[in-house]
Structures are given as C-alpha cells and as structure tokens.
Amino acid sequence: MATSPAHETLISNLVKEKGKDCFRRLGAGAGIAAKLSSDAQRGIRGDDADVRRRKEAFGDNAYPKPKRKTFLGHSLDALSDIFLVALLVCAAVSTGFGIKEHGLKDGWYDGVGIFLAVFLVSSVSAAGSYSQAKQADKIARESANVAVNVVRAGRRHDVSMFDVVVGDVVILKIGDAVPADGVFLEGYGLQVDESGMTGDPTGIDVDAENNPFLAAGAKVVHGHGRMLVTAVGTDTMLGELMNTGENAADDPVPLQERLERLTTTIGNIGVAVALVAFTLLAARHFTGSDTGKTPPLLEKGVPLAVTLMVTFSMRRVVKENAMVHRLSALETMGSVTAICADKTGTLTLNQMEVTDFWVGTHRPGAATAISGGIVTLLRQGAGLNTTGSVYWPDNVSPPEISGSPTEKALLSWAVTDLGMDATTFKNSDKVVHLEVFDSARREHSRAKTMDNTTGALVVHYKGAAEVVLPSCSLYVDMHGALRELGVEHLKKLDKVINYMAVSGLHCMALAYKPVDDEGVGLTLLGLLGLKDRRRPDIKFAVEACRKAGIGVKMVTTDNPLMARAIAMECGILSSNDPDGIVIAGHEFRAMSTVRQLEMVDKIRVVASSRPLDKLLLVKRLKQKGHVVAVTTGAGANDAPALKEADVVLTMSIKGTDLAAKDTIILNDKFHTVVTAMRLGRCVYSNFQNFIQFNLTINAAALVVNLVSTATTGNTSLTTVHLLWANLVIGTMSALALAVDKPADAVMERPPIARTAPLISNAMWRNLAAQVAFQIAVLLALEYLGRAVFGTDEKANGTMIFNVFVLCQVFNEFNVRDMERKNVLAGVLGKNKMFLVVVAATLVLQVLTVEALTKFAGTERLSLGQWGVCVAIAAVSWPVGWAVKFIPMKA
C-alpha cells in the first residue's frame with residue numbers, strides 16, 4: 001500500500017481519538033482516501049489481489065470470538081448439580097460400607113453402579129449443553145454477517161461485512177449498521193445511534209465539518225451518506241470494547257426454571273422420605289431386626305431430560321430451515337395469541353415494480369406518447385432524486401440496479417420504459433443537494449439538480465401521492481403544457497389514487513419546481529402505481545393462525561384503502577369477519593386508553609402508522625392479557641415495538657439484534673410462523689407429558705418404598721433400581737417424547753395461557769390413576785409374590801423391579817396425549833422413532849435383568865416370569881384408557 005506507517009497509525013486511530021485536527025491535516029475524506037490508494041467517488045480497485053493486500057496490511061473485519069466452554073467445562077457444570085454431588089457422596093459411602101460388609105470382591109457393585117449412573121447423566125447432559133452452545137454460536141455468526149453496499153472501481157455492489165477492507169467506500173442509509181470505523185465523505189442529514197457502545201440514546205449528527213467520525217456498530221437513524229473505511233476488526237473502537245468486555249452469562253429457559261423448581265420440590269420430598277426410611281431402619285437396627293440394607297436417596301432425572309428435550313427441539317426447528325436464538329422464544333411462541341405483522345417484507349415480498357403510470361390526468365400507453373421535455377423531467381425525478389444507482393457492466397448485459405426496493409423499481413422503470421441511459425444522463429445533470437425520504441416523518445424526498453449546460457436549478461420531489469399532491473398547484477399534460485391544478489382535476493386525481501389503493505398499489509407522485517419560481521407551488525409530473533406482491537403462502541398461514549386462536553394484525557404505513565386491499569389479499573380481512581376493523585394510526589392514537597382497550601381485539605389493520613403506533617398496539621394487546629409476537633421485515637423503525645413484544649419474528653437473520661429479545665428467524669416464508677407455533681405448543685406439551693411420566697415414577701417409588709420399609713424393614717426398590725428407573729429409563733423416555741412429532745390437534749386447541757399451571761387437572765387425573773395402579777401391583781408383589789409365583793426373595797425383588805420399569809414403558813404411550821384414549825394413535829404411521837427409542841429401552845432392561853445381575857442386584861428370570869411381568873405392566877393401558885372418560889376442566 002502507498003500509505004506510510006505513520007499515516008497508517010494516524011488513520012486507524014482517527015475514530016477512536018476523534019482527531020478533527022488530524023482529519024483536516026490528512027486532507028479530510030478525499031485526502032485520506034488518496035493516502036489509502038482509494039478514491040472518494042470510485043472506491044478501491046476491488047479485485048481479489050487488491051482486497052487480499054488490504055487484509056494483509058490492515059487485518060480482517062472480524063472481532064474476537066467470546067471464549068466458549070469446552071465439553072469438559074459443560075461436564076463439570078453438570079456434575080455441580082447438588083443432587084449429583086449427593087449421589088457421588090452416597091456412591092462413596094455405599095462402596096466403603098459394601099466392601100467392609102461383603103469384601104472387596106462383591107462389595108463394590110452398588111457404589112460403582114451409582115458412580116456409572118452419575119457419569120452417564122453428566123456426560124449426556126454435557127453433550128446436550130455443548131450442542132446448544134454450538135448452535136447459539138452458529139446463529140450469532142450468521143447474525144453478524146450482514147451485506148454491506150460498497151463502491152469498488154466505480155461500481156456499487158453488496159459484499160459480506162467480513163469482506164469490508166480499509167479504503168472501502170460504504171453507502172449508508174437509514175437502518176444500516178456502520179460496518180467498520182470510518183470517516184464521512186458526503187451525504188445529507190446523516191445521524192447515527194451509538195447507544196450500543198456509549199449507552200446514550202441521543203442521535204449523533206455526522207458531517208464533514210463538526211463530526212466526520214463513524215464508529216463500527218452505530219446504527220443509521222436518519223439521512224444517507226458515504227463513508228471511507230479507516231479501520232476494521234480489532235482495530236476499531238468496537239473491537240477494543242469487545243476485547244475488554246466479559247462474556248454474558250447464558251439466560252435460563254423460563255420453562256426449565258419452572259421444571260427445576262418443581263423437581264427441587266420432588267427432591268426435597270424424596271429426601272424427607274429417605275430420612276423417614278432411615279429412621280425406621282435405624283430403629284430396627286437397634287432393636288435387632290436390621291436387614292442390612294440402606295435407604296435409597298431418590299434422585300430425579302428431570303434436569304437431564306430437560307436438556308435432551310431442549311436439544312432435540314432446537315434441532316427440529318433447524319430442520320425447518322428456521323433458527324431459534326433461545327428455546328424460550330419457541331416456548332413463548334406456543335402461548336402467542338396475537339401477531340403484529342409488518343406488511344412490507346413480512347406479508348409481502350418487498351420486491352416492488354411499477355405497474356401503473358399516469359401523466360397529469362391521463363394514462364399514456366407508452367413513453368413515446370409523452371412530450372420529450374416531460375420524459376426528461378421524469379428521468380430526472382426517478383434517476384437523480386435517489387440514493388440508488390444503475391451500472392452497465394457492458395453493452396450486452398442488463399444493467400445492475402441497486403438501492404431500496406422502491407428505488408430499484410423506479411430506476412428499472414426509468415431505464416426500461418423511459419429509455420434512461422444513466423451514464424449519459426448523470427453527465428448532463430448534477431445533483432446539488434439530496435434529502436432522502438423519512439418513513440418516520442412520512443416526508444417526501446427531494447433533490448436539487450443542475451443542468452450542466454444551462455446551469456438551471458430544479459428541485460425534484462418524490463413521495464406518497466397523498467403527501468406530495470396537496471403541495472402541487474400545477475400539472476403537466478402529455479404534451480408538456482403547464483395547466484392549473486383545479487378542483488375538478490384534483491377530484492379526478494383523487495379517484496386515480498383511490499383506484500390504485502383499492503387495487504393494492506402504492507401510489508407515488510413525482511413533482512418538480514424551478515428554484516427561481518418563488519411563491520409558486522409544485523408542478524405534478526405524474527403518478528406511479530407500485531405493486532409489492534404478497535407472499536404466496538400468506539393466506540394459508542393466516543388461516544392456520546386463525547384456526548389456532550391467534551389473531552394476525554397488519555401494521556403498515558400505507559393509507560387505509562390500500563391497507564384494506566392488501567389485508568383482503570392476505571386473508572387478514574374477510575367477509576366472514578364482519579367485526580374486523582381497519583383503523584388509521586392517528587385515529588388509534590387519539591382514542592382514550594379505555595377505548596383503545598375496547599377496540600384492540602377487533603383491530604385487524606393499523607394503516608398510516610408510525611413506529612409508536614405499533615408500540616401502542618403491542619402495549620394494549622398485552623394489557624388485555626395477550627402474548628404478543630411482532631414480526632419485522634423491511635422496517636427500520638421497529639425497535640420500540642420489538643422491545644415490548646414477548647417474542648420477535650424476523651424474516652432474516654442478517655443483522656438481527658439477538659441480544660435484545662427472544663427471536664425466531666424465519667426461512668423467508670411466513671408459514672414458518674405456523675411451524676414455530678406448532679413446535680412451541682409441542683415442546684410445552686412434551687414437557688408436560690414428561691413431567692406426568694416422571695412424577696408417576698417418583699410418587700409410586702416413594703410410597704412403595706416407604707410402606708415396605710415401615711412394614712417389612714425392606715426397601716422394595718434399591719438405590720440402583722431407582723437410579724436406573726429415574727436416570728436411564730427417565731432419560732430414554734425424555735428422548736422418546738422429545739422426538740414425538742407435533743400432532744395436528746395441537747393447532748386446534750387455544751394457545752397456552754400465560755399463567756397456565758404446569759400440571760393441569762387432566763395431568764393430575766392421569767397421574768393419580770397410574771400411581772395408584774403401580775402402588776397396588778408393586779405392594780401386592782412385595783407381600784404375595786413369593787407365595788403366588790413360588791420365588792425366593794431375590795427373584796421376587798427382581799420381578800418387582802422389572803414390573804416397575806415395564807409399567808413406565810407402557811405408561812410412555814399413555815402420557816403422549818392427556819385426553820386421547822387410543823395410545824397407539826400416531827405412533828405406527830408417522831412416529832417410528834418413538835418406537836425405536838421404546839425398543840431400545842426394553843433391550844436395556846433385558847440386559848440389566850439378565851446380564852448385569854451383580855451390578856443391578858437382580859436374578860435372571862424365566863420366560864414365564866417375564867410373561868407375568870409384561871402382562872401385569874400392560875394393565876397400565878386399560879387403566880389409562882378408562883380414566884380418560886372422567887371429564888376434567890382445563
């Protein structure tokens with residue numbers, strides 16, 4: 001590079017030191033560009049060799065990755081669980097007492113069995129946590145990889161943020177994030193928000209005189225401009241902050257917190273029962289009737305199950321080509337009752353095209369029917385009053401058009417229909433001053449242009465027809481004649497605007513005014529109808545939301561007539577919804593809070609809206625008890641509503657602020673919203689099913705062991721048995737339920753209430769029936785099994801353990817749905833993975849009973865005894881079927 005080392009240091013530190021004097025000494029923007037072998041207008045050369053040399057000289061535009069935990073770190077975290085620590089202590093004590101009592105050869109089995117179970121739990125839990133962390137890293141990397149519009153060799157095109165290099169000229173517009181440190185070159189009204197770094201939400205004005213510095217990470221909130229990149233990656237101010245910052249702790253999943261509170265309660269009950277059992281056994285010891293067995297400490301496998309279910313749920317979402325920042329977003333999506341959706345980029349494709357055109361009060365068939373002077377003015381209005389650009393790579397290839405969707409549509413129309421040659425055109429006319437459109441203020445854009453030959457100055461205006469037209473006092477006809485814009489003409493033009501609106505077209509007006517004409521209004525050049533086609537899947541998705549009890553509300557800056565037409569196309573309004581309301585943002589704002597709350601459920605469309613209207617809508621919905629999702633497509637002013645929403649849905653991961661809110665990134669298809677809702681409800685349902693399953697295991701085991709200890713001095717289920725049932729069988733059941741695909745019925749139920757209890761009445765009913773059944777059969781085997789089946793104590797204990805585990809296997813089918821009586825429904829056809837996991841569970845149980853006899857304290861059973869165990873456990877199905885006839889309130 002041509003830059004000297006001294007200059008390189010000065011330039012790279014410009015933004016960090018805010019050195020205005022240094023900026024001027026170096027020649028301001030143009031001088032600094034020259035020192036970096038760049039050009040303020042044409043940018044860098046931009047070929048592969050040039051980009052490579054700049055990366056070698058100045059570094060990559062990448063930031064230090066936060067240090068993530070290793071697999072070992074996740075394993076240590078898993079082992080820090082208080083119950084696993086307690087089990088390790090129990091294992092050590094059991095090993096010591098076992099060796100003392102039975103010798104080294106046979107005394108270590110129980111203790112080592114507990115050690116192995118703890119190792120299995122911690123390993124699987126660590127694997128799940130590690131997998132989640134990797135997924136979060138992937139999302140964060142893709143979120144940061146935004147497209148940046150740069151000028152290289154005089155040509156504008158998009159590059160990855162990671163490919164921005166020192167010397168690049170970057171085009172900035174409202175909503176963009178500044179990709180690297182740089183200095184201001186040119187623009188109008190450029191204002192940035194640096195609150196992400198400084199904490200100060202006040203907008204900062206950027207210009208060549210007072211503040212030419214732009215820091216990486218700042219957001220453009222007003223105006224437009226060009227910047228010259230002076231530092232990238234770790235050399236930027238943001239890079240220094242990231243180097244000194246500390247990693248944020250992972251937020252817990254809300255449902256996981258609720259589950260852990262529940263299982264802590266279960267654990268406390270288990271400890272209490274263990275203490276009672278210990279007291280009873282101690283009493284027997286001192287009275288001489290001790291059996292030599294120690295009371296088991298009941299442990300739970302819920303934290304591990306939660307980790308497994310979280311991991312599999314995240315993977316299922318990824319298979320749908322969507323991404324979830326945190327599972328809490330998916331969980332919340334299952335409770336959503338209202339969706340506030342942006343029209344542009346969410347309900348529509350944000351791909352604009354001009355489909356209608358009027359000059360004055362007439363619709364010309366082609367540009368050849370219009371006066372040449374008017375064509376020139378129209379070319380100026382579309383081709384100069386813009387921040388977009390047209391580039392012809394050669395005489396054969398079609399032009400490359402860049403800019404916002406609206407600018408692309410207008411430039412494409414000017415090139416195709418008006419025959420505009422951008423290169424020749426911009427040589428004959430010069431933009432003296434440009435003010436861009438501001439959607440928040442609904443102001444039109446205007447450009448002051450100068451004819452390079454005559455020096456004549458003209459101001460061109462472009463904006464929504466209802467904004468521009470009231471400022472017009474004249475119009476031009478197709479022959480170029482100036483005519484007064486009278487009442488009759490205005491009525492006719494209003495009809496044209498309304499016609500476009502009811503046709504779903506965005507009506508834009510082009511107008512102009514010679515600078516010398518003081519005291520005269522604008523002259524209307526023409527009206528353009530732009531079509532933004534709706535997403536092809538939108539009607540299906542909206543209908544699916546309605547059936548699921550979720551209201552979709554469209555928020556748009558379009559006028560009410562156009563908004564109504566698009567809402568009808570999307571299915572948000574229909575003839576079957578006579579109560580649906582379309583309201584303008586200013587009307588909604590003007591209402592009292594009481595009236596807003598009365599109307600908010602009936603509102604289907606908020607038209608002519610401002611960002612704070614969307615925020616107000618979200619607030620009122622939440623006040624009415626709704627769980628609200630907000631979708632963001634192309635809007636740059638959604639921040640207030642996004643922060644207020646319960647969950648954010650975005651059509652693109654690029655540049656999404658994942659730290660601020662639970663976020664679901666859709667796969668550029670709106671029907672993924674329905675998929676997210678289905679999966680959210682399924683995740684919550686699966687968690688409930690597992691809780692019902694796990695509580696059944698624990699409640700039955702607690703009562704059986706307490707009763708048998710009090711009456712016989714024996715524990716029917718040993719510590720190893722309980723660990724096996726809780727950890728291994730519980731883990732396999734969690735896996736089986738996690739892979740259970742969402743049934744269609746979940747979308748026919750109302751959304752999950754925000755305050756709904758984790759354990760519903762139906763769950764208590766089913767749980768009580770299964771616990772009562774299991775207690776009855778296990779105690780019957782304890783007291784009568786030896787006499788009925790002619791077995792010794794060890795064989796009878798093995799049968800009790802086997803029946804207990806097999807009851808849980810059969811109960812896995814019962815808990816798949818709280819109300820469905822046919823336990824096999826949906827299993828044989830579309831959920832073979834569930835059967836695979838159940839089969840694996842049975843294989844493990846057979847191995848435990850038949851092969852791992854010393855570890856499990858079991859005795860091999862005959863085929864007849866296995867048949868008896870299966871037959872007894874199978875009664876779980878008819879019990880589950882019968883109890884579901886008892887109606888329960890939700």
# chains A, B, ... in the order shown; residues from 1 in each chain; ligands from 1
$ residues_around --residues "range 152-161 of chain A" --least-positions-apart "6" --cutoff "9 Å" --atoms "only C-alpha atoms" --output "list in words"
Asp39, Gln41, Arg42, Gly43, Ile44, Arg45, Gly46, Asp47, Asn61, Ala62, Ala144, Asn145, Val146, Asp168, Val169, Ile171, Pro179, Ala180, Ser389, Val390, Tyr391, Pro393, Glu400, Ile401 and Ser402 of chain A
$ residues_around --residues "range 625-629 of chain A" --least-positions-apart "6" --cutoff "6 Å" --atoms "only C-alpha atoms" --output "list in words"
Val336, Thr337, Ala338, Ile339, Ala645, Asp646, Val647 and Val648 of chain A
$ atom_distance --atom1 "CA of Trp764 in chain A" --atom2 "CA of Ala699 in chain A"
12.0 Å
$ residues_around --residues "Leu573 in chain A" --least-positions-apart "6" --cutoff "12 Å" --atoms "only C-alpha atoms" --output "list in words"
Lys539, Val542, Glu543, Arg546, Gly551, Val552, Lys553, Met554, Ala563, Arg564, Ala565, Ile566, Ala567, Asp579, Gly580, Ile581, Val582, Lys602, Ile603, Arg604 and Val605 of chain A
$ write_last_selection --atoms "all heavy atoms" --output "compact mmCIF listing (two decimals), in the first residue's frame"
# COMPACT_ATOMS: atom_id res chain seq x y z
N LYS A 539 -51.80 -16.47 2.72
CA LYS A 539 -53.22 -16.71 3.02
C LYS A 539 -53.40 -18.00 3.82
O LYS A 539 -54.17 -18.05 4.79
CB LYS A 539 -54.01 -16.79 1.71
CG LYS A 539 -55.48 -16.41 1.87
CD LYS A 539 -56.10 -15.98 0.56
CE LYS A 539 -57.48 -15.41 0.80
NZ LYS A 539 -58.08 -14.86 -0.42
N VAL A 542 -52.17 -17.32 7.49
CA VAL A 542 -53.09 -16.51 8.27
C VAL A 542 -54.31 -17.33 8.69
O VAL A 542 -54.78 -17.24 9.82
CB VAL A 542 -53.52 -15.26 7.47
CG1 VAL A 542 -54.68 -14.54 8.15
CG2 VAL A 542 -52.34 -14.30 7.31
N GLU A 543 -54.81 -18.16 7.78
CA GLU A 543 -55.96 -19.01 8.10
C GLU A 543 -55.60 -20.02 9.18
O GLU A 543 -56.38 -20.29 10.10
CB GLU A 543 -56.44 -19.73 6.84
CG GLU A 543 -57.65 -20.62 7.04
CD GLU A 543 -58.87 -19.88 7.57
OE1 GLU A 543 -59.01 -18.67 7.31
OE2 GLU A 543 -59.71 -20.53 8.24
N ARG A 546 -55.61 -18.30 12.46
CA ARG A 546 -56.97 -18.04 12.93
C ARG A 546 -57.57 -19.30 13.57
O ARG A 546 -58.19 -19.23 14.63
CB ARG A 546 -57.84 -17.56 11.78
CG ARG A 546 -59.27 -17.21 12.21
CD ARG A 546 -60.10 -16.69 11.06
NE ARG A 546 -59.68 -15.35 10.68
CZ ARG A 546 -59.15 -15.03 9.51
NH1 ARG A 546 -58.98 -15.96 8.59
NH2 ARG A 546 -58.81 -13.79 9.24
N GLY A 551 -54.77 -14.12 16.53
CA GLY A 551 -55.15 -13.02 15.65
C GLY A 551 -53.94 -12.41 14.98
O GLY A 551 -52.95 -12.10 15.64
N VAL A 552 -54.00 -12.24 13.64
CA VAL A 552 -52.92 -11.59 12.90
C VAL A 552 -53.36 -10.16 12.59
O VAL A 552 -54.41 -9.94 11.99
CB VAL A 552 -52.60 -12.34 11.59
CG1 VAL A 552 -51.50 -11.63 10.82
CG2 VAL A 552 -52.19 -13.78 11.89
N LYS A 553 -52.55 -9.20 13.00
CA LYS A 553 -52.87 -7.79 12.80
C LYS A 553 -51.78 -7.16 11.94
O LYS A 553 -50.60 -7.25 12.27
CB LYS A 553 -52.98 -7.08 14.15
CG LYS A 553 -54.03 -7.74 15.05
CD LYS A 553 -54.11 -7.12 16.42
CE LYS A 553 -55.03 -7.94 17.32
NZ LYS A 553 -56.42 -7.99 16.85
N MET A 554 -52.19 -6.54 10.84
CA MET A 554 -51.23 -5.93 9.92
C MET A 554 -50.97 -4.49 10.30
O MET A 554 -51.90 -3.73 10.57
CB MET A 554 -51.77 -6.00 8.48
CG MET A 554 -50.80 -5.49 7.44
SD MET A 554 -51.44 -5.73 5.76
CE MET A 554 -52.39 -4.24 5.56
N ALA A 563 -54.29 -0.41 2.48
CA ALA A 563 -54.09 -1.40 3.54
C ALA A 563 -55.22 -2.42 3.56
O ALA A 563 -55.00 -3.62 3.72
CB ALA A 563 -53.97 -0.70 4.88
N ARG A 564 -56.47 -1.94 3.39
CA ARG A 564 -57.61 -2.85 3.36
C ARG A 564 -57.50 -3.84 2.20
O ARG A 564 -57.76 -5.04 2.36
CB ARG A 564 -58.91 -2.05 3.25
CG ARG A 564 -60.17 -2.91 3.20
CD ARG A 564 -61.42 -2.04 3.09
NE ARG A 564 -61.66 -1.30 4.30
CZ ARG A 564 -62.32 -1.80 5.35
NH1 ARG A 564 -62.78 -3.04 5.32
NH2 ARG A 564 -62.51 -1.07 6.42
N ALA A 565 -57.10 -3.33 1.02
CA ALA A 565 -57.00 -4.19 -0.16
C ALA A 565 -55.96 -5.29 0.06
O ALA A 565 -56.19 -6.47 -0.26
CB ALA A 565 -56.62 -3.35 -1.38
N ILE A 566 -54.81 -4.93 0.62
CA ILE A 566 -53.76 -5.92 0.84
C ILE A 566 -54.17 -6.90 1.94
O ILE A 566 -53.90 -8.10 1.86
CB ILE A 566 -52.43 -5.22 1.18
CG1 ILE A 566 -51.96 -4.43 -0.04
CG2 ILE A 566 -51.37 -6.21 1.62
CD1 ILE A 566 -50.76 -3.56 0.21
N ALA A 567 -54.85 -6.39 2.98
CA ALA A 567 -55.32 -7.27 4.05
C ALA A 567 -56.32 -8.29 3.52
O ALA A 567 -56.35 -9.44 3.96
CB ALA A 567 -55.94 -6.44 5.17
N ASP A 579 -66.68 -8.08 12.14
CA ASP A 579 -66.25 -7.20 13.23
C ASP A 579 -64.84 -6.65 13.03
O ASP A 579 -64.38 -5.81 13.82
CB ASP A 579 -66.30 -7.95 14.57
CG ASP A 579 -67.72 -8.35 14.94
OD1 ASP A 579 -68.66 -7.61 14.55
OD2 ASP A 579 -67.89 -9.39 15.60
N GLY A 580 -64.13 -7.13 11.99
CA GLY A 580 -62.75 -6.69 11.77
C GLY A 580 -62.68 -5.21 11.44
O GLY A 580 -63.45 -4.69 10.64
N ILE A 581 -61.73 -4.52 12.07
CA ILE A 581 -61.62 -3.06 11.93
C ILE A 581 -60.30 -2.69 11.26
O ILE A 581 -59.25 -3.24 11.58
CB ILE A 581 -61.70 -2.37 13.31
CG1 ILE A 581 -63.09 -2.57 13.92
CG2 ILE A 581 -61.36 -0.89 13.21
CD1 ILE A 581 -63.20 -2.06 15.34
N VAL A 582 -60.37 -1.76 10.31
CA VAL A 582 -59.19 -1.10 9.75
C VAL A 582 -59.18 0.31 10.31
O VAL A 582 -60.15 1.05 10.17
CB VAL A 582 -59.24 -1.06 8.21
CG1 VAL A 582 -58.02 -0.31 7.67
CG2 VAL A 582 -59.30 -2.47 7.63
N LYS A 602 -60.60 -6.20 18.13
CA LYS A 602 -61.27 -6.18 16.83
C LYS A 602 -60.40 -5.62 15.71
O LYS A 602 -60.71 -5.78 14.53
CB LYS A 602 -62.56 -5.35 16.92
CG LYS A 602 -63.60 -5.92 17.88
CD LYS A 602 -64.83 -5.04 17.93
CE LYS A 602 -65.87 -5.59 18.90
NZ LYS A 602 -67.06 -4.72 18.96
N ILE A 603 -59.32 -4.94 16.07
CA ILE A 603 -58.46 -4.32 15.05
C ILE A 603 -57.76 -5.40 14.24
O ILE A 603 -57.14 -6.32 14.79
CB ILE A 603 -57.43 -3.38 15.71
CG1 ILE A 603 -58.13 -2.15 16.27
CG2 ILE A 603 -56.36 -2.96 14.70
CD1 ILE A 603 -57.21 -1.23 17.05
N ARG A 604 -57.87 -5.29 12.92
CA ARG A 604 -57.15 -6.21 12.01
C ARG A 604 -56.02 -5.49 11.30
O ARG A 604 -55.01 -6.11 10.96
CB ARG A 604 -58.13 -6.77 10.97
CG ARG A 604 -59.32 -7.52 11.55
CD ARG A 604 -58.92 -8.82 12.24
NE ARG A 604 -60.09 -9.49 12.80
CZ ARG A 604 -60.50 -9.35 14.04
NH1 ARG A 604 -59.82 -8.57 14.88
NH2 ARG A 604 -61.56 -9.97 14.49
N VAL A 605 -56.18 -4.19 11.06
CA VAL A 605 -55.17 -3.42 10.32
C VAL A 605 -55.00 -2.06 10.97
O VAL A 605 -55.99 -1.37 11.27
CB VAL A 605 -55.59 -3.23 8.85
CG1 VAL A 605 -54.53 -2.40 8.11
CG2 VAL A 605 -55.79 -4.57 8.16
$ atom_distance --atom1 "CA of Leu679 in chain A" --atom2 "CA of Leu806 in chain A"
29.5 Å
$ closest_residue --among "A:Glu598, A:Leu377, A:Val436, A:Ala215" --to "Leu510 in chain A" --atoms "only C-alpha atoms"
A:Leu377
$ residues_around --residues "range 798-800 of chain A" --least-positions-apart "5" --cutoff "8 Å" --atoms "only C-alpha atoms" --output "PyMOL selection string"
chain A and resi 716-717+778+781-782+849+857-859+861+865+869
$ write_last_selection --atoms "N, CA and C atoms" --output "mmCIF file, in the first residue's frame"
data_model
loop_
_atom_site.group_PDB
_atom_site.id
_atom_site.type_symbol
_atom_site.label_atom_id
_atom_site.label_comp_id
_atom_site.auth_asym_id
_atom_site.auth_seq_id
_atom_site.Cartn_x
_atom_site.Cartn_y
_atom_site.Cartn_z
ATOM 1 N N SER A 716 -38.402 -52.186 48.715
ATOM 2 C CA SER A 716 -38.745 -52.972 47.528
ATOM 3 C C SER A 716 -37.847 -52.623 46.346
ATOM 4 N N LEU A 717 -37.499 -51.355 46.216
ATOM 5 C CA LEU A 717 -36.664 -50.878 45.115
ATOM 6 C C LEU A 717 -35.382 -50.302 45.694
ATOM 7 N N LEU A 778 -47.233 -53.305 42.854
ATOM 8 C CA LEU A 778 -45.896 -53.488 43.439
ATOM 9 C C LEU A 778 -45.978 -53.960 44.886
ATOM 10 N N LEU A 781 -47.023 -57.589 44.882
ATOM 11 C CA LEU A 781 -45.873 -58.468 44.631
ATOM 12 C C LEU A 781 -44.976 -58.558 45.862
ATOM 13 N N GLU A 782 -44.824 -57.454 46.579
ATOM 14 C CA GLU A 782 -43.971 -57.443 47.780
ATOM 15 C C GLU A 782 -44.492 -58.418 48.835
ATOM 16 N N VAL A 849 -31.525 -56.967 33.622
ATOM 17 C CA VAL A 849 -32.055 -58.083 34.412
ATOM 18 C C VAL A 849 -31.291 -59.380 34.146
ATOM 19 N N GLY A 857 -28.163 -56.119 41.160
ATOM 20 C CA GLY A 857 -28.710 -56.883 42.271
ATOM 21 C C GLY A 857 -29.916 -57.696 41.860
ATOM 22 N N THR A 858 -29.939 -58.174 40.601
ATOM 23 C CA THR A 858 -31.092 -58.910 40.083
ATOM 24 C C THR A 858 -30.744 -60.390 39.901
ATOM 25 N N GLU A 859 -31.774 -61.161 39.593
ATOM 26 C CA GLU A 859 -31.623 -62.587 39.294
ATOM 27 C C GLU A 859 -32.309 -62.876 37.972
ATOM 28 N N LEU A 861 -34.579 -64.115 35.123
ATOM 29 C CA LEU A 861 -35.970 -64.573 35.176
ATOM 30 C C LEU A 861 -36.252 -65.552 34.048
ATOM 31 N N GLN A 865 -41.834 -65.992 33.863
ATOM 32 C CA GLN A 865 -41.806 -64.845 34.764
ATOM 33 C C GLN A 865 -41.797 -63.523 33.976
ATOM 34 N N CYS A 869 -44.597 -60.488 34.175
ATOM 35 C CA CYS A 869 -44.230 -59.072 34.368
ATOM 36 C C CYS A 869 -44.847 -58.193 33.279
#
$ select_by_dssp --residues "range 728-814 of chain A" --states "helix (DSSP H, G or I)" --output "JSON, numbers by chain"
{"A": [728, 729, 730, 731, 732, 733, 734, 735, 736, 737, 738, 744, 745, 746, 747, 761, 762, 763, 764, 765, 766, 767, 768, 769, 770, 771, 772, 773, 774, 775, 776, 777, 778, 779, 780, 781, 782, 783, 784, 785, 786, 787, 788, 789, 793, 794, 795, 796, 797, 798, 799, 800, 801, 802, 803, 804, 805, 806, 807, 808, 809, 810, 811, 812, 813, 814]}
